[in-house]
>>> print(open('target_1.cif').read())   # mmCIF, C-alpha atoms
data_query
#
loop_
_atom_site.label_atom_id
_atom_site.label_comp_id
_atom_site.auth_asym_id
_atom_site.auth_seq_id
_atom_site.Cartn_x
_atom_site.Cartn_y
_atom_site.Cartn_z
CA MET A 1 75.83 40.68 -182.03
CA GLY A 2 78.55 42.35 -179.94
CA GLN A 3 80.91 41.01 -177.29
CA ASP A 4 78.65 41.55 -174.26
CA GLN A 5 75.57 40.07 -175.90
CA THR A 6 77.63 37.13 -177.13
CA LYS A 7 78.77 36.39 -173.56
CA GLN A 8 75.20 36.61 -172.26
CA GLN A 9 73.90 34.20 -174.90
CA ILE A 10 76.71 31.69 -174.31
CA GLU A 11 75.91 31.76 -170.58
CA LYS A 12 72.20 31.34 -171.33
CA GLY A 13 73.01 28.27 -173.43
CA LEU A 14 75.15 26.81 -170.64
CA GLN A 15 72.33 27.22 -168.13
CA LEU A 16 69.89 25.48 -170.49
CA TYR A 17 72.40 22.69 -171.13
CA GLN A 18 73.06 22.13 -167.43
CA SER A 19 69.31 21.90 -166.82
CA ASN A 20 69.13 19.13 -169.46
CA GLN A 21 67.40 21.32 -172.08
CA THR A 22 69.97 20.29 -174.66
CA GLU A 23 68.16 21.15 -177.89
CA LYS A 24 67.27 24.64 -176.65
CA ALA A 25 70.91 25.19 -175.65
CA LEU A 26 72.07 24.12 -179.10
CA GLN A 27 69.63 26.54 -180.74
CA VAL A 28 70.96 29.44 -178.63
CA TRP A 29 74.58 28.60 -179.46
CA MET A 30 73.87 28.18 -183.17
CA LYS A 31 72.23 31.63 -183.22
CA VAL A 32 75.36 33.08 -181.58
CA LEU A 33 77.50 31.40 -184.23
CA GLU A 34 75.39 32.90 -187.00
CA LYS A 35 75.13 36.46 -185.65
CA SER A 36 78.16 37.19 -183.47
CA SER A 37 81.04 39.25 -184.85
CA ASP A 38 83.20 38.60 -181.75
CA LEU A 39 85.90 36.08 -182.71
CA VAL A 40 86.67 35.08 -179.11
CA GLY A 41 82.97 34.56 -178.44
CA ARG A 42 82.63 32.48 -181.61
CA PHE A 43 85.59 30.37 -180.50
CA ARG A 44 83.99 29.75 -177.08
CA VAL A 45 80.59 28.85 -178.50
CA LEU A 46 82.24 26.40 -180.92
CA GLY A 47 83.86 24.77 -177.88
CA CYS A 48 80.43 24.43 -176.27
CA LEU A 49 79.05 22.85 -179.45
CA VAL A 50 81.98 20.40 -179.65
CA THR A 51 81.47 19.30 -176.03
CA ALA A 52 77.68 19.00 -176.35
CA HIS A 53 77.83 16.90 -179.51
CA SER A 54 80.54 14.73 -177.93
CA GLU A 55 78.35 14.00 -174.90
CA MET A 56 75.38 13.20 -177.16
CA GLY A 57 77.46 10.83 -179.28
CA ARG A 58 77.09 12.96 -182.43
CA TYR A 59 80.70 12.60 -183.42
CA LYS A 60 80.50 13.75 -187.06
CA GLU A 61 78.91 17.01 -185.96
CA MET A 62 81.54 17.25 -183.23
CA LEU A 63 84.26 17.01 -185.90
CA LYS A 64 82.55 19.62 -188.09
CA PHE A 65 82.54 22.22 -185.30
CA ALA A 66 86.12 21.32 -184.30
CA VAL A 67 87.30 22.10 -187.86
CA VAL A 68 85.53 25.49 -187.80
CA GLN A 69 87.09 26.18 -184.39
CA ILE A 70 90.58 25.56 -185.81
CA ASP A 71 89.96 28.20 -188.49
CA THR A 72 88.74 30.64 -185.85
CA ALA A 73 91.83 30.00 -183.69
CA ARG A 74 94.07 30.74 -186.66
CA GLU A 75 92.29 34.05 -187.22
CA LEU A 76 92.87 34.92 -183.57
CA GLU A 77 96.58 34.00 -183.86
CA ASP A 78 96.68 32.86 -180.24
CA ALA A 79 98.67 29.77 -179.17
CA ASP A 80 96.26 28.92 -176.32
CA PHE A 81 93.28 28.89 -178.68
CA LEU A 82 95.23 26.79 -181.18
CA LEU A 83 96.09 24.22 -178.50
CA GLU A 84 92.46 23.92 -177.41
CA SER A 85 91.16 23.61 -180.97
CA TYR A 86 93.73 20.98 -181.98
CA LEU A 87 92.80 19.01 -178.86
CA ASN A 88 89.12 19.12 -179.89
CA LEU A 89 90.11 17.97 -183.36
CA ALA A 90 92.09 15.09 -181.83
CA ARG A 91 89.18 14.10 -179.58
CA SER A 92 86.74 14.21 -182.50
CA ASN A 93 88.90 11.86 -184.56
CA GLU A 94 89.36 9.61 -181.53
CA LYS A 95 85.58 9.23 -181.19
CA LEU A 96 85.36 8.39 -184.90
CA CYS A 97 88.14 5.75 -184.45
CA GLU A 98 90.54 7.69 -186.70
CA PHE A 99 93.35 6.81 -184.33
CA HIS A 100 96.34 7.72 -186.51
CA LYS A 101 94.86 11.21 -187.08
CA THR A 102 94.23 11.50 -183.33
CA ILE A 103 97.86 10.77 -182.53
CA SER A 104 99.01 13.24 -185.18
CA TYR A 105 96.85 16.07 -183.80
CA CYS A 106 97.95 15.26 -180.23
CA LYS A 107 101.59 15.53 -181.30
CA THR A 108 100.75 18.89 -182.88
CA CYS A 109 99.36 20.01 -179.50
CA LEU A 110 102.50 18.89 -177.72
CA GLY A 111 104.69 20.62 -180.32
CA LEU A 112 103.10 24.04 -179.92
CA PRO A 113 105.28 26.68 -178.20
CA GLY A 114 104.73 27.21 -174.48
CA THR A 115 101.21 28.32 -173.69
CA ARG A 116 99.26 29.24 -170.58
CA ALA A 117 96.78 26.45 -171.33
CA ALA A 118 99.44 23.72 -171.61
CA ALA A 119 99.32 22.82 -167.91
CA GLN A 120 95.52 22.67 -167.96
CA LEU A 121 95.07 20.76 -171.23
CA GLY A 122 98.25 18.65 -171.34
CA GLY A 123 96.57 15.84 -169.39
CA GLN A 124 93.64 15.76 -171.81
CA VAL A 125 96.08 15.55 -174.73
CA SER A 126 97.83 12.58 -173.09
CA LEU A 127 94.48 10.91 -172.38
CA SER A 128 93.31 11.26 -175.99
CA MET A 129 96.63 9.92 -177.25
CA GLY A 130 96.39 6.98 -174.84
CA ASN A 131 92.90 6.13 -176.08
CA ALA A 132 94.19 6.21 -179.67
CA PHE A 133 97.13 3.94 -178.83
CA LEU A 134 94.71 1.57 -177.10
CA GLY A 135 92.51 1.56 -180.20
CA LEU A 136 95.57 0.51 -182.21
CA SER A 137 96.47 -2.17 -179.60
CA LEU A 138 99.77 -0.41 -178.79
CA PHE A 139 99.42 -1.28 -175.13
CA GLN A 140 102.76 -0.06 -173.75
CA LYS A 141 102.39 3.36 -175.37
CA ALA A 142 98.78 3.53 -174.22
CA LEU A 143 99.72 2.81 -170.60
CA GLU A 144 102.52 5.40 -170.67
CA SER A 145 100.08 8.03 -171.97
CA PHE A 146 97.44 7.15 -169.36
CA GLU A 147 99.99 7.35 -166.55
CA LYS A 148 101.15 10.74 -167.84
CA ALA A 149 97.54 11.96 -167.95
CA LEU A 150 97.01 10.70 -164.39
CA ARG A 151 100.05 12.66 -163.19
CA TYR A 152 98.64 15.81 -164.80
CA ALA A 153 95.32 15.19 -163.02
CA HIS A 154 96.96 14.73 -159.61
CA ASN A 155 99.34 17.67 -160.00
CA ASN A 156 96.49 20.02 -160.96
CA ASP A 157 93.78 18.57 -158.67
CA ASP A 158 91.71 17.85 -161.79
CA THR A 159 89.27 15.20 -160.52
CA MET A 160 87.21 15.31 -163.72
CA LEU A 161 90.27 14.35 -165.78
CA GLU A 162 91.19 11.70 -163.21
CA CYS A 163 87.70 10.20 -163.58
CA ARG A 164 88.08 9.98 -167.38
CA VAL A 165 91.56 8.46 -167.10
CA CYS A 166 90.30 5.83 -164.64
CA CYS A 167 87.58 4.79 -167.10
CA SER A 168 90.16 4.48 -169.89
CA LEU A 169 92.43 2.44 -167.60
CA GLY A 170 89.47 0.16 -166.92
CA SER A 171 89.13 -0.43 -170.65
CA PHE A 172 92.89 -0.95 -170.96
CA TYR A 173 93.08 -3.62 -168.25
CA ALA A 174 89.98 -5.36 -169.60
CA GLN A 175 91.75 -5.73 -172.94
CA VAL A 176 94.95 -7.08 -171.39
CA LYS A 177 92.81 -9.44 -169.24
CA ASP A 178 93.75 -8.08 -165.81
CA TYR A 179 90.14 -8.08 -164.63
CA GLU A 180 90.77 -7.05 -161.02
CA LYS A 181 92.38 -3.79 -162.18
CA ALA A 182 89.70 -3.49 -164.89
CA LEU A 183 87.21 -3.21 -162.01
CA PHE A 184 89.36 -1.17 -159.63
CA PHE A 185 89.77 1.87 -161.87
CA PRO A 186 86.10 2.33 -162.88
CA CYS A 187 85.17 1.93 -159.20
CA LYS A 188 87.65 4.71 -158.43
CA ALA A 189 85.98 6.81 -161.17
CA ALA A 190 82.57 6.15 -159.60
CA GLU A 191 83.92 7.29 -156.20
CA LEU A 192 85.17 10.53 -157.79
CA VAL A 193 81.73 11.13 -159.33
CA ASN A 194 80.05 10.58 -155.96
CA ASP A 195 82.52 12.78 -154.07
CA TYR A 196 83.12 15.65 -156.51
CA GLY A 197 80.68 15.28 -159.40
CA LYS A 198 77.65 17.22 -158.15
CA GLY A 199 77.98 19.76 -160.96
CA TRP A 200 79.37 17.38 -163.58
CA SER A 201 77.54 16.01 -166.59
CA LEU A 202 75.76 12.70 -165.91
CA LYS A 203 77.91 11.30 -168.73
CA TYR A 204 80.71 10.74 -166.19
CA ARG A 205 78.48 8.57 -164.03
CA ALA A 206 77.29 6.66 -167.09
CA MET A 207 80.88 6.06 -168.22
CA SER A 208 82.01 4.71 -164.85
CA GLN A 209 78.95 2.48 -164.50
CA TYR A 210 79.42 1.04 -168.00
CA HIS A 211 83.08 0.17 -167.40
CA MET A 212 82.20 -1.35 -164.03
CA ALA A 213 79.56 -3.48 -165.77
CA VAL A 214 82.12 -4.79 -168.25
CA ALA A 215 84.59 -5.66 -165.49
CA TYR A 216 81.94 -7.32 -163.29
CA ARG A 217 80.84 -9.46 -166.23
CA LEU A 218 84.40 -10.53 -166.97
CA LEU A 219 84.82 -11.48 -163.29
CA GLY A 220 81.59 -13.48 -163.38
CA HIS A 221 79.63 -11.13 -161.05
CA LEU A 222 76.64 -11.02 -163.37
CA GLY A 223 74.12 -9.48 -160.97
CA SER A 224 76.36 -6.49 -160.29
CA ALA A 225 77.15 -6.24 -163.98
CA MET A 226 73.44 -6.04 -164.82
CA GLU A 227 72.79 -3.33 -162.21
CA CYS A 228 75.66 -1.14 -163.45
CA CYS A 229 74.72 -1.63 -167.08
CA GLU A 230 71.08 -0.71 -166.37
CA GLU A 231 72.18 2.50 -164.63
CA SER A 232 74.44 3.43 -167.55
CA MET A 233 71.69 2.70 -170.08
CA LYS A 234 69.19 4.90 -168.22
CA ILE A 235 71.54 7.89 -168.43
CA ALA A 236 72.41 7.15 -172.06
CA LEU A 237 68.70 7.08 -172.94
CA GLN A 238 68.07 10.28 -171.01
CA HIS A 239 70.82 12.13 -172.89
CA GLY A 240 70.22 10.54 -176.30
CA ASP A 241 73.76 9.10 -176.32
CA ARG A 242 73.39 6.49 -179.08
CA PRO A 243 76.98 5.13 -178.98
CA LEU A 244 76.75 4.45 -175.24
CA GLN A 245 73.32 2.85 -175.74
CA ALA A 246 74.88 0.51 -178.29
CA LEU A 247 77.72 -0.39 -175.89
CA CYS A 248 75.20 -1.10 -173.12
CA LEU A 249 73.14 -3.32 -175.43
CA LEU A 250 76.24 -5.32 -176.28
CA CYS A 251 77.07 -5.59 -172.58
CA PHE A 252 73.51 -6.77 -171.84
CA ALA A 253 73.90 -9.41 -174.55
CA ASP A 254 77.26 -10.52 -173.09
CA ILE A 255 75.71 -10.81 -169.62
CA HIS A 256 72.82 -12.92 -170.89
CA ARG A 257 75.20 -15.06 -172.92
CA SER A 258 77.30 -15.61 -169.79
CA ARG A 259 74.14 -16.72 -168.00
CA GLY A 260 73.32 -19.07 -170.81
CA ASP A 261 70.38 -16.96 -172.05
CA LEU A 262 71.42 -17.50 -175.66
CA GLU A 263 68.01 -16.71 -177.09
CA LEU A 264 67.77 -13.35 -175.33
CA SER A 265 71.33 -12.43 -176.34
CA GLN A 266 70.40 -13.13 -179.97
CA LEU A 267 67.35 -10.88 -179.61
CA LYS A 268 69.49 -8.00 -178.37
CA LEU A 269 72.04 -8.59 -181.13
CA HIS A 270 69.36 -8.40 -183.83
CA CYS A 271 67.89 -5.27 -182.18
CA LEU A 272 71.29 -3.57 -182.28
CA SER A 273 71.99 -4.72 -185.85
CA GLU A 274 68.58 -3.43 -186.93
CA GLY A 275 69.37 0.05 -185.60
CA ILE A 276 72.78 0.11 -187.29
CA CYS A 277 71.38 -1.03 -190.66
CA ARG A 278 68.54 1.50 -190.41
CA SER A 279 70.95 4.38 -189.77
CA LYS A 280 73.15 3.35 -192.74
CA GLY A 281 70.23 2.76 -195.10
CA LEU A 282 71.07 -0.93 -195.63
CA GLN A 283 67.53 -2.01 -196.49
CA ARG A 284 68.24 -5.64 -197.41
CA GLU A 285 70.24 -6.31 -194.25
CA LEU A 286 67.63 -4.40 -192.21
CA ARG A 287 64.82 -6.63 -193.47
CA ALA A 288 66.90 -9.74 -192.71
CA HIS A 289 67.49 -8.66 -189.10
CA VAL A 290 63.83 -7.72 -188.59
CA VAL A 291 62.75 -11.15 -189.87
CA ARG A 292 65.34 -12.93 -187.73
CA PHE A 293 64.33 -10.91 -184.67
CA HIS A 294 60.70 -12.02 -184.99
CA GLU A 295 61.81 -15.60 -185.59
CA CYS A 296 63.82 -15.49 -182.36
CA VAL A 297 60.82 -14.05 -180.51
CA GLU A 298 58.65 -16.91 -181.75
CA GLU A 299 61.27 -19.53 -180.88
CA THR A 300 61.62 -18.25 -177.31
CA GLU A 301 57.81 -18.11 -176.84
CA LEU A 302 57.90 -14.70 -175.18
CA TYR A 303 54.72 -13.16 -173.83
CA CYS A 304 53.85 -9.54 -173.13
CA GLY A 305 53.73 -8.97 -169.36
CA LEU A 306 50.79 -6.58 -169.70
CA CYS A 307 48.29 -8.07 -172.18
CA GLY A 308 49.44 -11.71 -171.96
CA GLU A 309 49.52 -12.15 -175.75
CA SER A 310 52.43 -13.95 -177.39
CA ILE A 311 55.12 -11.61 -178.73
CA GLY A 312 55.91 -12.42 -182.34
CA GLU A 313 52.61 -13.81 -183.58
CA LYS A 314 51.54 -10.41 -184.98
CA ASN A 315 53.54 -7.66 -186.63
CA SER A 316 53.42 -5.45 -183.51
CA ARG A 317 55.95 -2.84 -182.52
CA LEU A 318 57.86 -3.80 -179.40
CA GLN A 319 59.65 -1.81 -176.74
CA ALA A 320 62.59 -2.84 -174.55
CA LEU A 321 63.17 -1.20 -171.16
CA PRO A 322 66.67 -0.70 -169.71
CA CYS A 323 66.00 -3.64 -167.35
CA SER A 324 65.77 -5.86 -170.49
CA HIS A 325 62.05 -6.71 -170.21
CA ILE A 326 60.12 -6.49 -173.49
CA PHE A 327 56.49 -5.44 -174.01
CA HIS A 328 54.15 -4.36 -176.78
CA LEU A 329 54.62 -0.65 -177.42
CA ARG A 330 50.86 -0.03 -177.32
CA CYS A 331 50.58 -1.78 -173.93
CA LEU A 332 53.26 0.40 -172.35
CA GLN A 333 51.69 3.55 -173.80
CA ASN A 334 48.29 2.61 -172.44
CA ASN A 335 49.75 1.59 -169.08
CA GLY A 336 51.22 5.07 -168.52
CA THR A 337 53.69 4.05 -165.79
CA ARG A 338 57.38 5.06 -165.64
CA SER A 339 58.41 1.78 -164.01
CA CYS A 340 58.73 -1.69 -165.48
CA PRO A 341 55.47 -3.66 -164.92
CA ASN A 342 57.53 -6.81 -164.27
CA CYS A 343 60.30 -5.74 -161.91
CA ARG A 344 58.99 -2.24 -160.95
CA ARG A 345 62.35 -0.64 -161.67
CA SER A 346 62.28 2.92 -162.99
CA SER A 347 62.55 2.81 -166.75
CA MET A 348 63.26 6.51 -167.42
CA LYS A 349 62.97 6.71 -171.20
CA PRO A 350 62.46 3.30 -172.81
CA GLY A 351 64.43 2.29 -175.87
CA PHE A 352 62.66 1.32 -179.06
CA VAL A 353 63.29 -2.11 -180.52
#
>>> encode(input="target_1.cif", output="structure tokens")
Amino acid sequence: MGQDQTKQQIEKGLQLYQSNQTEKALQVWMKVLEKSSDLVGRFRVLGCLVTAHSEMGRYKEMLKFAVVQIDTARELEDADFLLESYLNLARSNEKLCEFHKTISYCKTCLGLPGTRAAAQLGGQVSLSMGNAFLGLSLFQKALESFEKALRYAHNNDDTMLECRVCCSLGSFYAQVKDYEKALFFPCKAAELVNDYGKGWSLKYRAMSQYHMAVAYRLLGHLGSAMECCEESMKIALQHGDRPLQALCLLCFADIHRSRGDLELSQLKLHCLSEGICRSKGLQRELRAHVVRFHECVEETELYCGLCGESIGEKNSRLQALPCSHIFHLRCLQNNGTRSCPNCRRSSMKPGFV
């Protein structure tokens, strides 16, 4: 596959990705990676694969493609390509909570000789480093990095970067217990999405809504917290973003715990634990959480809103909607509606319990 055909296929993949046909886009890009002899084209398609797997929460795959991209950049012997690939390697390790490696790769980016891409990517390097410092609870260094990233965003009119920095600042101020600022910055991110984000990935809206939900809960505004968390969960389900789904489930549990709904928060905790144990192959722990989940269902005397039967008496598969209402899976399939039968809110794609 030559240079022109490589460009055409990369563009075809981008169009599929932007129209939410993610798996088809990935197939096109993987075919380019297998058949293209154009090093620059291979580098670009690896960047697409890194970004796509990041937005889907597939962080190990993201790291795998970032490592291949580094090798490609070295073959090209171009400082701009090296900077971009080291940044992707830093971001991949950040997502996997390898914070010391993230900081090391960010410092490598900053230590590269002057490049054309430095002005464009310097803010993203500072943001990734700030997130790593925050993960290590080095709050002063984290704040300095976030402020530097924000200056890059303002100086280059990069509203997408500003949106990401605002979400990270929301997380920062939530951790240092300044809850008013923890709400202010995600709200600012949401404004940027509304004003400039027509062509952006929905991930940016989901991020801002999630961080707003956390801040609203910490401030005791539980109704607003629930609305924001539901919106974030809908987008996470639509895009198959499992890490964000897990964060939303934890936030739902925190909201219900704040309301005093201890039984429902335990249900959500066991649901989340079941998914984690299943993905790691921990069969004994998985069985324990499944048993405890059904015990909690019986204790709370829940009933299916469609058939009226008690949930928990039989070994039936259940389904939770983003609005937190739970039904028998078979009842929802037979009902055929895309909205919750209880509250009539749009459910998008329901999440399996």
>>> atom_distance(input="target_1.cif", atom1="atom CA of A:His154", atom2="atom CA of A:Phe185")
14.9 Å
>>> atom_distance(input="target_1.cif", atom1="atom CA of A:Met207", atom2="atom CA of A:Glu227")
13.8 Å
>>> resolve_selection(input="target_1.cif", expression="the PyMOL selection byres ((chain A and resi 20) around 12)", output="PyMOL selection string")
chain A and resi 13-19+21-26+52+55-56+200-203+235+238-240
>>> closest_residue(input="target_1.cif", among="A:Ser224, A:Gln120, A:Asn156, A:Ala149", to="A:Leu183", atoms="all atoms listed in the file")
A:Ser224
>>> residues_around(input="target_1.cif", residues="A:Pro186", least_positions_apart="5", cutoff="9 Å", atoms="only C-alpha atoms", output="PyMOL selection string")
chain A and resi 163+166-171+181+191+207-212+215
>>> closest_atom_pairs(input="target_1.cif", of="stretch 12-110 of chain A", to="stretch 129-142 of chain A", cutoff="12 Å", atoms="all atoms listed in the file", output="CSV")
residue,atom,partner,partner_atom,distance
A:Leu87,CA,A:Met129,CA,10.0
A:Ala90,CA,A:Met129,CA,8.3
A:Arg91,CA,A:Met129,CA,8.9
A:Ser92,CA,A:Ala132,CA,11.3
A:Asn93,CA,A:Ala132,CA,9.2
A:Glu94,CA,A:Ala132,CA,6.2
A:Lys95,CA,A:Ala132,CA,9.3
A:Leu96,CA,A:Ala132,CA,10.5
A:Cys97,CA,A:Gly135,CA,7.4
A:Glu98,CA,A:Ala132,CA,8.1
A:Phe99,CA,A:Ala132,CA,4.8
A:His100,CA,A:Ala132,CA,7.3
A:Lys101,CA,A:Ala132,CA,9.0
A:Thr102,CA,A:Ala132,CA,6.4
A:Ile103,CA,A:Met129,CA,5.5
A:Ser104,CA,A:Met129,CA,8.9
A:Tyr105,CA,A:Met129,CA,9.0
A:Cys106,CA,A:Met129,CA,6.3
A:Lys107,CA,A:Met129,CA,8.5
A:Thr108,CA,A:Met129,CA,11.4
A:Cys109,CA,A:Met129,CA,10.7
A:Leu110,CA,A:Met129,CA,10.7
>>> closest_residue(input="target_1.cif", among="A:Arg287, A:Asn335, A:Ala73, A:Val32", to="A:Cys307", atoms="only C-alpha atoms")
A:Asn335
>>> residues_around(input="target_1.cif", residues="A:Arg44", least_positions_apart="3", cutoff="12 Å", atoms="all atoms listed in the file", output="PyMOL selection string")
chain A and resi 3+6-7+9-11+13-14+29-30+32-33+36+38-41+47-51+65-66+68-70+72-73+81+84-85
>>> atom_distance(input="target_1.cif", atom1="atom CA of A:Gln283", atom2="atom CA of A:Arg242")
20.2 Å
>>> residues_around(input="target_1.cif", residues="A:Cys248", least_positions_apart="3", cutoff="8 Å", atoms="all atoms listed in the file", output="list in words")
Tyr210, Cys229, Glu230, Ser232, Met233, Leu244, Gln245, Cys251 and Phe252 of chain A
>>> closest_residue(input="target_1.cif", among="A:Ser126, A:Tyr59, A:Arg205, A:Tyr216", to="A:Arg151", atoms="only C-alpha atoms")
A:Ser126
>>> closest_residue(input="target_1.cif", among="A:Glu75, A:Asp195, A:Glu285, A:Asp241", to="A:Met160", atoms="only C-alpha atoms")
A:Asp195
>>> closest_residue(input="target_1.cif", among="A:Val45, A:Ala253, A:Ala246, A:Leu127", to="A:Ser145", atoms="only C-alpha atoms")
A:Leu127
